Amino acid sequence: MFKKLPRILWIILRPLLTIVLVIFLVGSCALRGSQAKLKGTVLLKGLTQQVIVNRDALGVPDIKAQSRLDAARALGYLHAQERFFQMDLQRRGAAGELSALLGSALLVMDRDVRRHRFRDRAEAVVGAAKKQDLEILDAYTVGVNSGLSDLKVRPFEYIFLRQKPEPWQPTDSILTLYAMFLDLSLDIAKTEEIWATVRDNMSPTMTEFFLPRGNRWEAPLQSEPVTGVVLPDSTGFDIRQWEYDTRPEDEHSSNLNIPRQDLAGSNNWAVAGALTGHGGAILANDMHLGLGLPNIWYRARMSWPEEGHARSVVGVTLPGTPSLIAGSNGQIAWGFTNSYGDWADLVILEFDPENPSRYRTPDGWKNLDHRVEIIEVSDAKPDTLLFAETIWGPIWTTDTKGRQLALRWTAHDIEAANINLLDLESAGNVDEAMAVAAAVGMSQQNLVCADDQGRIAWTIAGPIPNRVGWDGRLPVSWADGTCRWDGYRDPADQPRIVDPEEGRLWTANNRVTAGYDLAVIGDGGYGLGARARQIRDDLRALDRPLEKDMLAVQLDDRALMMGEWRDMILEVMRRHPPESGTARADFLKVVRDDWTGRAEPSSVAYRLVSTFSYVCVDRVHGLLLRRLTRGHPDFRSSWLPYRHAVTWEVLATRPAHLLPPWNKDWDELLLQAVDRTMDNLGLPEVDLNDCTWGAINTVVVAHPFTRFVPQLSRWLSAPPKALPGASFMPRVQHRRSGASQRMVVSPGKEELGIFHMPGGQSGHPLSPFFLAGHEDWEDGAATPLLPGAVKYRLILVGE
């Protein structure tokens with residue numbers, strides 16, 4: 001009987017194996033059929049003349065067209081062929097239409113986003129666009145839809161989802177811009193809501209303490225003083241008078257996650273030609289975003305004749321839009337960081353006591369505008385969303401006093417979105433770049449640029465509201481018109497710095513300005529400033545720098561700020577030597593003897609010091625907010641500004657009235673923070689030598705499908721790798737966020753330029769470009785900005 005078992009099993013399993021084989025072959029053919037065309041000749045509707053697309057070994061296209069319109073058609077074709085699913089997620093994410101593609105799991109997100117009515121706003125933007133902008137959008141749209149239809153099989157994601165991709169529309173390119181608003185500036189509203197919770201529930205003295213306007217680590221470009229951390233005196237706040245039923249170690253979690261605010265890491269800077277090694281101004285830019293496959297950016301070089309001379313631009317594009325986002329045109333080079341200015345306000349609504357559907361405005365009582373949105377859901381019935389709007393924007397949230405707040409956000413205005421960024425492609429110097437930046441419709445960014453005459457400049461790209469009546473930091477009522485937005489600032493009045501005396505400019509999500517310019521830009525939750533300071537000092541230390549030196553600054557993983565925390569605890573442990581064989585003794589030995597001063601993957605010392613700093617924030621800053629957090633469970637202290645700086649000032653000053661009553665002195669509190677740091681490692685079950693920074697900073701760069709089906713990671717993700725870098729230093733690196741690109745370029749000297757990015761050009765796992773260049777990004781290699789030798793040639797011809 002057992003001799004016949006293999007034959008019996010074969011008879012039983014043969015049909016099943018046949019089915020599996022057929023599925024495998026069909027799936028394989030489908031996957032291969034959805035790959036981009038890399039060579040040959042294809043027809044592209046609307047082309048006026050032939051376009052040649054040369055790709056190098058990394059898949060970077062060099063698009064040679066005879067007009068900007070033809071270049072837009074070709075770029076749209078390439079975007080669709082290699083990135084259409086990414087483009088679809090972006091437009092749907094901004095429109096609140098993800099559920100129609102991905103199902104009810106995304107319904108909460110769609111309901112939240114749909115209140116912005118971005119699809120309606122995109123249609124309005126397109127309807128008001130200039131003729132030349134419409135021509136570019138239409139040309140790009142034709143290219144996208146041609147690229148999509150030229151795939152033998154729809155992109156593989158739609159096969160798995162059993163969906164068909166919807167054609168691209170010009171409005172979808174505007175929706176792609178709105179997707180960046182959602183990612184980069186909507187958090188301002190949440191920040192303001194959290195800050196208002198402090199104001200509405202604490203004294204003015206404590207509000208000033210928890211919401212400082214500056215800190216000790218800052219390095220703005222404008223140096224006028226601002227108010228830093230102001231400690232309350234004992235008459236305004238005395239923790240010794242509180243009654244506690246639990247200590248913090250009984251209440252606080254040991255799972256100390258790094259808050260979102262500390263993950264930000266975009267940097268840009270420029271050095272004037274008078275200071276560099278070759279006499280040309282040098283721009284450096286690394287924009288930090290969430291990491292995934294494919295990467296958000298698509299590299300490209302595009303060339304076409306313009307007004308009697310050849311125009312050539314090189315850098316990164318955003319699939320879904322026809323513009324070069326950051327790069328060089330040979331005369332100027334430019335790059336961005338998120339500005340964290342105040343681009344949104346929460347408006348306290350005053351309702352009519354006799355008619356709660358009416359609210360007060362400067363023009364009298366107005367009725368709420370009640371709206372209905374139907375959200376399609378792929379795996380369920382359509383969902384109905386009901387919400388109300390005011391003249392200032394949708395009702396957004398309710399504060400801790402029960403007052404409803406409306407959202408006034410620049411993204412809701414027609415001035416917020418346009419494709420004027422295209423004009424940077426033809427700007428001839430930094431003065432022209434400044435004028436273009438003021439008219440660009442985008443999520444407001446720090447624009448730093450350099451030109452081929454050796455000059456450098458900074459400004460805010462995007463519209464700046466003309467705020468009247470208050471500083472915009474916290475919610476107020478706009479009912480009587482005293483507080484309001486009075487349109488947008490005249491582009492000629494945008495803050496800018498041109499040809500700084502120092503010859504250097506730098507931004508790093510920090511406060512850049514002071515005085516009048518700061519009042520214009522406002523405060524939307526700036527970064528701590530330690531990263532900007534380190535970049536500034538790095539630049540000042542360079543003698544006649546070249547491109548490679550700028551890359552070295554981008555890769556600077558020295559933990560200078562954390563070094564100060566290390567010095568603090570070592571001084572305490574010098575006064576209180578730990579007993580041999582204790583966890584404190586282990587901490588001391590590692591932090592004292594093994595400290596390299598860098599956030600290296602192999603470093604146990606860096607992990608201990610970093611964790612210690614966050615434990616201190618929790619035990620000082622978090623404890624002083626304890627009454628507030630207990631009374632308002634949704635309150636998140638991690639959204640408050642400069643938490644490390646506030647904590648540092650308390651620990652450095654050591655006021656008795658802020659010391660918890662169960663601690664005899666501040667040394668004891670710090671030593672207990674060491675104990676909690678060691679507890680957080682999971683000792684003794686885990687070997688201390690294995691508690692490296694890399695163990696918790698292993699970077700994951702993967703396709704979004706892998707979050708739902710981890711088994712796909714083998715094919716849809718890069719191998720996980722522990723990388724150097726952390727918060728508060730130029731090389732910011734975390735598990736799922738980091739530099740989305742690193743670029744260094746001197747306009748007119750692009751052949752010396754440096755570029756690398758995570759992932760590759762293509763979003764298709766079978767493409768030779770899926771991960772091409774990813775290891776260069778991991779290693780920080782100085783790879784060229786310009787495309788390399790031609791490996792594939794695609795010729796596009798008009799029908």
# chains A, B, ... in the order shown; residues from 1 in each chain; ligands from 1
$ residues_around --residues "region 745-758 of chain A" --least-positions-apart "5" --cutoff "7 Å" --atoms "only C-alpha atoms" --output "NGL selection string"
:A and (280-284 or 295 or 328 or 330-333 or 451-452 or 547 or 740 or 773-774 or 776-777 or 782-786)
$ write_last_selection --atoms "N, CA, C and O atoms" --output "compact mmCIF listing (two decimals), in the first residue's frame"
# COMPACT_ATOMS: atom_id res chain seq x y z
N GLY A 280 31.97 78.49 -7.72
CA GLY A 280 30.55 78.45 -8.01
C GLY A 280 29.75 78.24 -6.74
O GLY A 280 30.18 77.52 -5.84
N ALA A 281 28.59 78.89 -6.66
CA ALA A 281 27.73 78.66 -5.50
C ALA A 281 27.26 77.21 -5.49
O ALA A 281 27.00 76.62 -6.55
N ILE A 282 27.15 76.62 -4.31
CA ILE A 282 26.74 75.22 -4.19
C ILE A 282 25.48 75.13 -3.35
O ILE A 282 25.39 75.72 -2.27
N LEU A 283 24.51 74.38 -3.87
CA LEU A 283 23.27 74.10 -3.16
C LEU A 283 23.26 72.65 -2.72
O LEU A 283 23.67 71.76 -3.47
N ALA A 284 22.80 72.41 -1.50
CA ALA A 284 22.59 71.04 -1.00
C ALA A 284 21.17 70.93 -0.48
O ALA A 284 20.65 71.86 0.15
N ASN A 295 9.90 55.22 -4.31
CA ASN A 295 10.17 56.48 -3.66
C ASN A 295 9.22 57.55 -4.19
O ASN A 295 8.71 57.44 -5.31
N SER A 328 18.27 71.70 -10.93
CA SER A 328 19.04 72.79 -11.53
C SER A 328 18.65 72.96 -12.99
O SER A 328 18.33 71.99 -13.69
N GLY A 330 20.84 74.92 -14.85
CA GLY A 330 22.10 75.41 -15.40
C GLY A 330 22.42 76.83 -15.00
O GLY A 330 23.59 77.23 -14.98
N GLN A 331 21.38 77.60 -14.68
CA GLN A 331 21.57 78.98 -14.23
C GLN A 331 21.23 79.15 -12.74
O GLN A 331 21.87 79.92 -12.04
N ILE A 332 20.21 78.43 -12.30
CA ILE A 332 19.91 78.41 -10.87
C ILE A 332 19.70 76.95 -10.44
O ILE A 332 19.35 76.09 -11.25
N ALA A 333 19.92 76.70 -9.16
CA ALA A 333 19.60 75.42 -8.55
C ALA A 333 18.78 75.71 -7.31
O ALA A 333 19.01 76.73 -6.63
N ASP A 451 22.75 80.63 -7.84
CA ASP A 451 22.81 80.83 -9.30
C ASP A 451 24.24 80.71 -9.81
O ASP A 451 25.20 80.57 -9.04
N ASP A 452 24.36 80.76 -11.14
CA ASP A 452 25.66 80.52 -11.76
C ASP A 452 26.59 81.72 -11.66
O ASP A 452 27.72 81.67 -12.15
N GLU A 547 31.59 69.85 -3.65
CA GLU A 547 30.37 69.06 -3.54
C GLU A 547 30.51 67.91 -2.55
O GLU A 547 29.59 67.63 -1.77
N SER A 740 14.52 61.48 1.53
CA SER A 740 13.90 60.97 0.30
C SER A 740 14.79 61.19 -0.90
O SER A 740 14.53 60.65 -1.98
N GLY A 773 20.19 51.76 -7.39
CA GLY A 773 20.68 52.95 -6.71
C GLY A 773 20.37 52.99 -5.23
O GLY A 773 20.87 53.87 -4.51
N HIS A 774 19.58 52.04 -4.75
CA HIS A 774 19.18 52.06 -3.33
C HIS A 774 20.39 51.89 -2.41
O HIS A 774 20.49 52.58 -1.37
N ASP A 776 23.37 52.82 -2.93
CA ASP A 776 24.12 54.08 -2.90
C ASP A 776 23.54 55.02 -1.85
O ASP A 776 24.28 55.71 -1.14
N TRP A 777 22.20 55.05 -1.74
CA TRP A 777 21.56 55.86 -0.72
C TRP A 777 21.89 55.35 0.67
O TRP A 777 22.22 56.14 1.57
N ALA A 782 28.70 59.03 -3.28
CA ALA A 782 28.70 60.26 -4.08
C ALA A 782 28.46 59.93 -5.55
O ALA A 782 29.35 60.07 -6.39
N THR A 783 27.25 59.50 -5.87
CA THR A 783 26.91 59.11 -7.24
C THR A 783 26.46 60.34 -8.04
O THR A 783 25.95 61.30 -7.47
N PRO A 784 26.61 60.31 -9.36
CA PRO A 784 26.39 61.51 -10.17
C PRO A 784 24.93 61.96 -10.22
O PRO A 784 24.00 61.14 -10.20
N LEU A 785 24.75 63.28 -10.31
CA LEU A 785 23.43 63.85 -10.52
C LEU A 785 22.96 63.63 -11.95
O LEU A 785 21.78 63.30 -12.19
N LEU A 786 23.83 63.80 -12.92
CA LEU A 786 23.45 63.65 -14.32
C LEU A 786 23.29 62.17 -14.69
O LEU A 786 23.99 61.31 -14.13
$ residues_around --residues "Thr513 (chain A)" --least-positions-apart "4" --cutoff "9 Å" --atoms "only C-alpha atoms" --output "list in words"
Pro220, Leu221, Gln222, Ser223, Glu224, Pro495, Asp517, Leu518, Ala519 and Ile521 of chain A
$ closest_residue --among "A:Leu542, A:Asp471, A:Thr361, A:Asn54" --to "Tyr516 (chain A)" --atoms "only C-alpha atoms"
A:Asp471
$ atom_distance --atom1 "CA of Ala438 (chain A)" --atom2 "CA of His309 (chain A)"
26.5 Å
$ atom_distance --atom1 "CA of Lys39 (chain A)" --atom2 "CA of Leu137 (chain A)"
25.7 Å
$ atom_distance --atom1 "CA of His370 (chain A)" --atom2 "CA of Asp172 (chain A)"
25.8 Å
$ closest_residue --among "A:Asp679, A:Glu579, A:Glu218, A:Asp687" --to "Val604 (chain A)" --atoms "only C-alpha atoms"
A:Asp687
$ select_by_dssp --residues "region 282-462 of chain A" --states "strand (DSSP E)" --output "PyMOL selection string"
chain A and resi 282-286+288-290+298-306+309-317+324-328+332-338+344-348+351-352+355-361+364-367+369-375+383-389+395-398+404-409+445-451+456-461
$ closest_residue --among "A:Asn201, A:Gly487, A:Leu385, A:Thr677" --to "Gly631 (chain A)" --atoms "only C-alpha atoms"
A:Asn201
$ closest_residue --among "A:Val732, A:Ala105, A:Leu671, A:Ala583" --to "Phe708 (chain A)" --atoms "only C-alpha atoms"
A:Ala105
$ closest_atom_pairs --of "region 365-462 of chain A" --to "region 634-643 of chain A" --cutoff "12 Å" --atoms "only C-alpha atoms" --output "Markdown table"
| residue | atom | partner | partner_atom | distance |
| --- | --- | --- | --- | --- |
| A:Thr398 | CA | A:Asp634 | CA | 11.9 |
| A:Asp399 | CA | A:Phe635 | CA | 10.8 |
| A:Thr400 | CA | A:Phe635 | CA | 9.7 |
$ closest_residue --among "A:Leu43, A:Val229, A:Leu588, A:Leu386" --to "Thr647 (chain A)" --atoms "only C-alpha atoms"
A:Val229
$ closest_residue --among "A:Val108, A:Cys483, A:Leu324, A:Val700" --to "Gly469 (chain A)" --atoms "only C-alpha atoms"
A:Cys483
$ residues_around --residues "region 657-661 of chain A" --least-positions-apart "5" --cutoff "6 Å" --atoms "only C-alpha atoms" --output "VMD selection string"
chain A and resid 234 238 to 240
$ residues_around --residues "region 267-276 of chain A" --least-positions-apart "2" --cutoff "7 Å" --atoms "only C-alpha atoms" --output "PyMOL selection string"
chain A and resi 265+278-287+335-337+448-450+454-456+503-508+544-546
$ residues_around --residues "Arg467 (chain A)" --least-positions-apart "5" --cutoff "8 Å" --atoms "only C-alpha atoms" --output "list in words"
Gly472, Cys483, Arg484, Trp485, Asp486 and Val520 of chain A
$ write_last_selection --atoms "all heavy atoms" --output "PDB file, in the first residue's frame"
ATOM      1  N   GLY A 472      -1.768  84.546  15.473  1.00  0.00           N
ATOM      2  CA  GLY A 472      -2.144  83.301  14.812  1.00  0.00           C
ATOM      3  C   GLY A 472      -1.738  82.042  15.538  1.00  0.00           C
ATOM      4  O   GLY A 472      -2.040  80.938  15.081  1.00  0.00           O
ATOM      5  N   CYS A 483     -10.027  90.029  14.397  1.00  0.00           N
ATOM      6  CA  CYS A 483      -9.033  89.047  13.976  1.00  0.00           C
ATOM      7  C   CYS A 483      -9.495  88.433  12.671  1.00  0.00           C
ATOM      8  O   CYS A 483     -10.659  88.006  12.555  1.00  0.00           O
ATOM      9  CB  CYS A 483      -8.858  87.978  15.046  1.00  0.00           C
ATOM     10  SG  CYS A 483      -8.248  88.604  16.626  1.00  0.00           S
ATOM     11  N   ARG A 484      -8.577  88.346  11.708  1.00  0.00           N
ATOM     12  CA  ARG A 484      -8.988  87.857  10.380  1.00  0.00           C
ATOM     13  C   ARG A 484      -7.765  87.650   9.501  1.00  0.00           C
ATOM     14  O   ARG A 484      -6.644  88.029   9.881  1.00  0.00           O
ATOM     15  CB  ARG A 484      -9.913  88.872   9.700  1.00  0.00           C
ATOM     16  CG  ARG A 484      -9.230  90.191   9.367  1.00  0.00           C
ATOM     17  CD  ARG A 484     -10.201  91.234   8.874  1.00  0.00           C
ATOM     18  NE  ARG A 484      -9.514  92.431   8.400  1.00  0.00           N
ATOM     19  CZ  ARG A 484      -9.099  93.418   9.184  1.00  0.00           C
ATOM     20  NH1 ARG A 484      -9.296  93.341  10.492  1.00  0.00           N
ATOM     21  NH2 ARG A 484      -8.477  94.468   8.660  1.00  0.00           N
ATOM     22  N   TRP A 485      -8.008  87.045   8.337  1.00  0.00           N
ATOM     23  CA  TRP A 485      -7.038  87.071   7.248  1.00  0.00           C
ATOM     24  C   TRP A 485      -7.501  88.129   6.256  1.00  0.00           C
ATOM     25  O   TRP A 485      -8.651  88.073   5.773  1.00  0.00           O
ATOM     26  CB  TRP A 485      -6.953  85.722   6.542  1.00  0.00           C
ATOM     27  CG  TRP A 485      -6.227  84.660   7.303  1.00  0.00           C
ATOM     28  CD1 TRP A 485      -5.764  84.718   8.585  1.00  0.00           C
ATOM     29  CD2 TRP A 485      -5.898  83.368   6.810  1.00  0.00           C
ATOM     30  NE1 TRP A 485      -5.157  83.541   8.935  1.00  0.00           N
ATOM     31  CE2 TRP A 485      -5.225  82.687   7.857  1.00  0.00           C
ATOM     32  CE3 TRP A 485      -6.102  82.702   5.612  1.00  0.00           C
ATOM     33  CZ2 TRP A 485      -4.765  81.378   7.720  1.00  0.00           C
ATOM     34  CZ3 TRP A 485      -5.641  81.409   5.456  1.00  0.00           C
ATOM     35  CH2 TRP A 485      -4.970  80.748   6.511  1.00  0.00           C
ATOM     36  N   ASP A 486      -6.627  89.042   5.944  1.00  0.00           N
ATOM     37  CA  ASP A 486      -6.951  90.074   4.964  1.00  0.00           C
ATOM     38  C   ASP A 486      -6.253  89.738   3.655  1.00  0.00           C
ATOM     39  O   ASP A 486      -5.277  90.376   3.239  1.00  0.00           O
ATOM     40  CB  ASP A 486      -6.502  91.439   5.496  1.00  0.00           C
ATOM     41  CG  ASP A 486      -7.015  92.591   4.651  1.00  0.00           C
ATOM     42  OD1 ASP A 486      -7.829  92.346   3.745  1.00  0.00           O
ATOM     43  OD2 ASP A 486      -6.595  93.736   4.900  1.00  0.00           O
ATOM     44  N   VAL A 520       5.305  87.757  10.248  1.00  0.00           N
ATOM     45  CA  VAL A 520       4.620  87.495   8.980  1.00  0.00           C
ATOM     46  C   VAL A 520       4.428  85.998   8.766  1.00  0.00           C
ATOM     47  O   VAL A 520       3.347  85.539   8.372  1.00  0.00           O
ATOM     48  CB  VAL A 520       5.423  88.108   7.809  1.00  0.00           C
ATOM     49  CG1 VAL A 520       4.896  87.604   6.471  1.00  0.00           C
ATOM     50  CG2 VAL A 520       5.357  89.631   7.874  1.00  0.00           C
TER      51      VAL A 520
END
$ residues_around --residues "Arg68 (chain A)" --least-positions-apart "5" --cutoff "10 Å" --atoms "only C-alpha atoms" --output "ChimeraX atom specification"
/A:73-74,136,139,302-306,311,322,422
$ write_last_selection --atoms "N, CA and C atoms" --output "mmCIF file, in the first residue's frame"
data_model
loop_
_atom_site.group_PDB
_atom_site.id
_atom_site.type_symbol
_atom_site.label_atom_id
_atom_site.label_comp_id
_atom_site.auth_asym_id
_atom_site.auth_seq_id
_atom_site.Cartn_x
_atom_site.Cartn_y
_atom_site.Cartn_z
ATOM 1 N N ARG A 73 4.480 65.838 -22.210
ATOM 2 C CA ARG A 73 3.818 64.617 -22.683
ATOM 3 C C ARG A 73 4.690 63.386 -22.416
ATOM 4 N N ALA A 74 5.970 63.532 -22.721
ATOM 5 C CA ALA A 74 6.883 62.404 -22.515
ATOM 6 C C ALA A 74 7.025 62.066 -21.034
ATOM 7 N N ILE A 136 0.056 72.833 -20.553
ATOM 8 C CA ILE A 136 1.002 71.898 -19.915
ATOM 9 C C ILE A 136 0.247 70.767 -19.230
ATOM 10 N N ALA A 139 -1.205 68.448 -21.845
ATOM 11 C CA ALA A 139 -0.162 67.647 -22.486
ATOM 12 C C ALA A 139 0.300 66.531 -21.556
ATOM 13 N N MET A 302 15.487 66.809 -18.533
ATOM 14 C CA MET A 302 14.686 67.180 -19.702
ATOM 15 C C MET A 302 15.361 68.330 -20.433
ATOM 16 N N SER A 303 15.361 68.247 -21.761
ATOM 17 C CA SER A 303 15.985 69.280 -22.586
ATOM 18 C C SER A 303 15.062 69.649 -23.731
ATOM 19 N N TRP A 304 15.045 70.941 -24.083
ATOM 20 C CA TRP A 304 14.270 71.420 -25.217
ATOM 21 C C TRP A 304 14.800 72.802 -25.612
ATOM 22 N N PRO A 305 14.645 73.217 -26.864
ATOM 23 C CA PRO A 305 15.063 74.558 -27.267
ATOM 24 C C PRO A 305 14.074 75.605 -26.750
ATOM 25 N N GLU A 306 14.608 76.746 -26.291
ATOM 26 C CA GLU A 306 13.740 77.784 -25.737
ATOM 27 C C GLU A 306 14.343 79.142 -26.035
ATOM 28 N N ARG A 311 17.456 74.660 -23.382
ATOM 29 C CA ARG A 311 17.086 74.621 -21.971
ATOM 30 C C ARG A 311 17.228 73.184 -21.481
ATOM 31 N N PRO A 322 3.677 67.817 -13.756
ATOM 32 C CA PRO A 322 4.620 67.963 -14.873
ATOM 33 C C PRO A 322 5.883 68.747 -14.543
ATOM 34 N N LEU A 422 6.822 75.591 -12.463
ATOM 35 C CA LEU A 422 7.428 75.440 -13.787
ATOM 36 C C LEU A 422 8.307 76.637 -14.143
#
$ select_by_dssp --residues "region 559-705 of chain A" --states "alpha helix (DSSP H)" --output "PDB file with C-alpha atoms, in the first residue's frame"
ATOM      1  CA  LEU A 560      26.275  66.762  19.485  1.00  0.00           C
ATOM      2  CA  MET A 561      23.043  67.561  21.294  1.00  0.00           C
ATOM      3  CA  MET A 562      22.862  64.114  22.864  1.00  0.00           C
ATOM      4  CA  GLY A 563      26.468  64.599  23.925  1.00  0.00           C
ATOM      5  CA  GLU A 564      25.248  67.349  26.241  1.00  0.00           C
ATOM      6  CA  TRP A 565      22.776  64.940  27.842  1.00  0.00           C
ATOM      7  CA  ARG A 566      25.601  62.448  28.247  1.00  0.00           C
ATOM      8  CA  ASP A 567      27.736  65.056  30.014  1.00  0.00           C
ATOM      9  CA  MET A 568      24.860  65.840  32.356  1.00  0.00           C
ATOM     10  CA  ILE A 569      24.348  62.268  33.558  1.00  0.00           C
ATOM     11  CA  LEU A 570      28.069  61.496  33.758  1.00  0.00           C
ATOM     12  CA  GLU A 571      28.493  64.451  36.109  1.00  0.00           C
ATOM     13  CA  VAL A 572      25.681  63.124  38.306  1.00  0.00           C
ATOM     14  CA  MET A 573      27.161  59.609  38.328  1.00  0.00           C
ATOM     15  CA  ARG A 574      30.559  61.047  39.226  1.00  0.00           C
ATOM     16  CA  ARG A 575      28.958  62.411  42.364  1.00  0.00           C
ATOM     17  CA  ALA A 583      22.372  48.166  36.048  1.00  0.00           C
ATOM     18  CA  ARG A 584      23.580  51.683  36.835  1.00  0.00           C
ATOM     19  CA  ALA A 585      27.184  50.472  36.724  1.00  0.00           C
ATOM     20  CA  ASP A 586      26.552  48.872  33.337  1.00  0.00           C
ATOM     21  CA  PHE A 587      25.009  52.110  32.076  1.00  0.00           C
ATOM     22  CA  LEU A 588      27.976  54.147  33.297  1.00  0.00           C
ATOM     23  CA  LYS A 589      30.575  51.849  31.755  1.00  0.00           C
ATOM     24  CA  VAL A 590      28.930  51.885  28.316  1.00  0.00           C
ATOM     25  CA  VAL A 591      28.100  55.585  28.224  1.00  0.00           C
ATOM     26  CA  ARG A 592      31.486  56.653  29.600  1.00  0.00           C
ATOM     27  CA  ASP A 593      33.791  54.227  27.794  1.00  0.00           C
ATOM     28  CA  VAL A 604      24.862  50.847  22.548  1.00  0.00           C
ATOM     29  CA  ALA A 605      25.980  54.097  24.150  1.00  0.00           C
ATOM     30  CA  TYR A 606      24.039  56.286  21.734  1.00  0.00           C
ATOM     31  CA  ARG A 607      20.863  54.280  22.298  1.00  0.00           C
ATOM     32  CA  LEU A 608      21.248  54.585  26.080  1.00  0.00           C
ATOM     33  CA  VAL A 609      21.819  58.335  26.004  1.00  0.00           C
ATOM     34  CA  SER A 610      19.004  58.996  23.539  1.00  0.00           C
ATOM     35  CA  THR A 611      16.580  56.885  25.552  1.00  0.00           C
ATOM     36  CA  PHE A 612      17.743  58.587  28.766  1.00  0.00           C
ATOM     37  CA  SER A 613      16.906  61.986  27.277  1.00  0.00           C
ATOM     38  CA  TYR A 614      13.378  60.893  26.406  1.00  0.00           C
ATOM     39  CA  VAL A 615      12.905  59.367  29.859  1.00  0.00           C
ATOM     40  CA  CYS A 616      13.903  62.724  31.336  1.00  0.00           C
ATOM     41  CA  VAL A 617      11.377  64.486  29.098  1.00  0.00           C
ATOM     42  CA  LEU A 623       4.982  65.053  34.930  1.00  0.00           C
ATOM     43  CA  LEU A 624       4.412  68.811  35.030  1.00  0.00           C
ATOM     44  CA  ARG A 626       0.123  65.409  34.476  1.00  0.00           C
ATOM     45  CA  ARG A 627      -3.031  67.128  35.678  1.00  0.00           C
ATOM     46  CA  LEU A 628      -3.795  68.241  32.161  1.00  0.00           C
ATOM     47  CA  THR A 629      -3.241  64.834  30.595  1.00  0.00           C
ATOM     48  CA  ARG A 630      -5.341  63.133  33.253  1.00  0.00           C
ATOM     49  CA  GLY A 631      -8.230  65.513  32.694  1.00  0.00           C
ATOM     50  CA  ARG A 643      10.111  69.519  24.868  1.00  0.00           C
ATOM     51  CA  HIS A 644      13.794  68.632  25.154  1.00  0.00           C
ATOM     52  CA  ALA A 645      14.687  72.297  25.613  1.00  0.00           C
ATOM     53  CA  VAL A 646      12.040  72.872  28.292  1.00  0.00           C
ATOM     54  CA  THR A 647      13.197  69.761  30.145  1.00  0.00           C
ATOM     55  CA  TRP A 648      16.841  70.777  29.843  1.00  0.00           C
ATOM     56  CA  GLU A 649      16.242  74.204  31.348  1.00  0.00           C
ATOM     57  CA  VAL A 650      14.460  72.640  34.322  1.00  0.00           C
ATOM     58  CA  LEU A 651      17.273  70.133  34.884  1.00  0.00           C
ATOM     59  CA  ALA A 652      19.979  72.754  34.437  1.00  0.00           C
ATOM     60  CA  THR A 653      18.287  75.250  36.778  1.00  0.00           C
ATOM     61  CA  TRP A 666      17.437  66.391  41.210  1.00  0.00           C
ATOM     62  CA  ASP A 667      20.340  63.941  41.207  1.00  0.00           C
ATOM     63  CA  GLU A 668      18.014  61.250  42.479  1.00  0.00           C
ATOM     64  CA  LEU A 669      15.512  62.014  39.700  1.00  0.00           C
ATOM     65  CA  LEU A 670      18.233  61.692  37.067  1.00  0.00           C
ATOM     66  CA  LEU A 671      19.535  58.440  38.535  1.00  0.00           C
ATOM     67  CA  GLN A 672      16.006  57.063  38.501  1.00  0.00           C
ATOM     68  CA  ALA A 673      15.845  58.066  34.828  1.00  0.00           C
ATOM     69  CA  VAL A 674      18.931  55.885  34.309  1.00  0.00           C
ATOM     70  CA  ASP A 675      17.099  53.012  36.006  1.00  0.00           C
ATOM     71  CA  ARG A 676      14.076  53.492  33.739  1.00  0.00           C
ATOM     72  CA  THR A 677      16.355  53.641  30.707  1.00  0.00           C
ATOM     73  CA  MET A 678      17.836  50.258  31.586  1.00  0.00           C
ATOM     74  CA  ASP A 679      14.380  48.827  32.347  1.00  0.00           C
ATOM     75  CA  ASN A 680      13.280  49.931  28.896  1.00  0.00           C
ATOM     76  CA  TRP A 693      20.980  51.776  18.092  1.00  0.00           C
ATOM     77  CA  GLY A 694      20.731  49.694  14.936  1.00  0.00           C
ATOM     78  CA  ALA A 695      18.534  47.143  16.710  1.00  0.00           C
ATOM     79  CA  ILE A 696      15.758  49.729  16.907  1.00  0.00           C
TER      80      ILE A 696
END
$ decode --residues "region 621-626 of chain A" --atoms "N, CA and C atoms" --output "mmCIF file, in the first residue's frame"
data_model
loop_
_atom_site.group_PDB
_atom_site.id
_atom_site.type_symbol
_atom_site.label_atom_id
_atom_site.label_comp_id
_atom_site.auth_asym_id
_atom_site.auth_seq_id
_atom_site.Cartn_x
_atom_site.Cartn_y
_atom_site.Cartn_z
ATOM 1 N N HIS A 621 8.945 67.070 31.905
ATOM 2 C CA HIS A 621 7.938 67.746 31.094
ATOM 3 C C HIS A 621 6.586 67.036 31.220
ATOM 4 N N GLY A 622 6.605 65.712 31.082
ATOM 5 C CA GLY A 622 5.355 64.956 31.162
ATOM 6 C C GLY A 622 4.708 65.036 32.529
ATOM 7 N N LEU A 623 5.530 65.000 33.575
ATOM 8 C CA LEU A 623 4.982 65.053 34.930
ATOM 9 C C LEU A 623 4.336 66.406 35.211
ATOM 10 N N LEU A 624 4.966 67.488 34.776
ATOM 11 C CA LEU A 624 4.412 68.811 35.030
ATOM 12 C C LEU A 624 3.091 69.031 34.289
ATOM 13 N N LEU A 625 2.844 68.223 33.273
ATOM 14 C CA LEU A 625 1.580 68.287 32.531
ATOM 15 C C LEU A 625 0.576 67.246 33.013
ATOM 16 N N ARG A 626 0.892 66.593 34.087
ATOM 17 C CA ARG A 626 0.123 65.409 34.476
ATOM 18 C C ARG A 626 -1.354 65.702 34.729
#
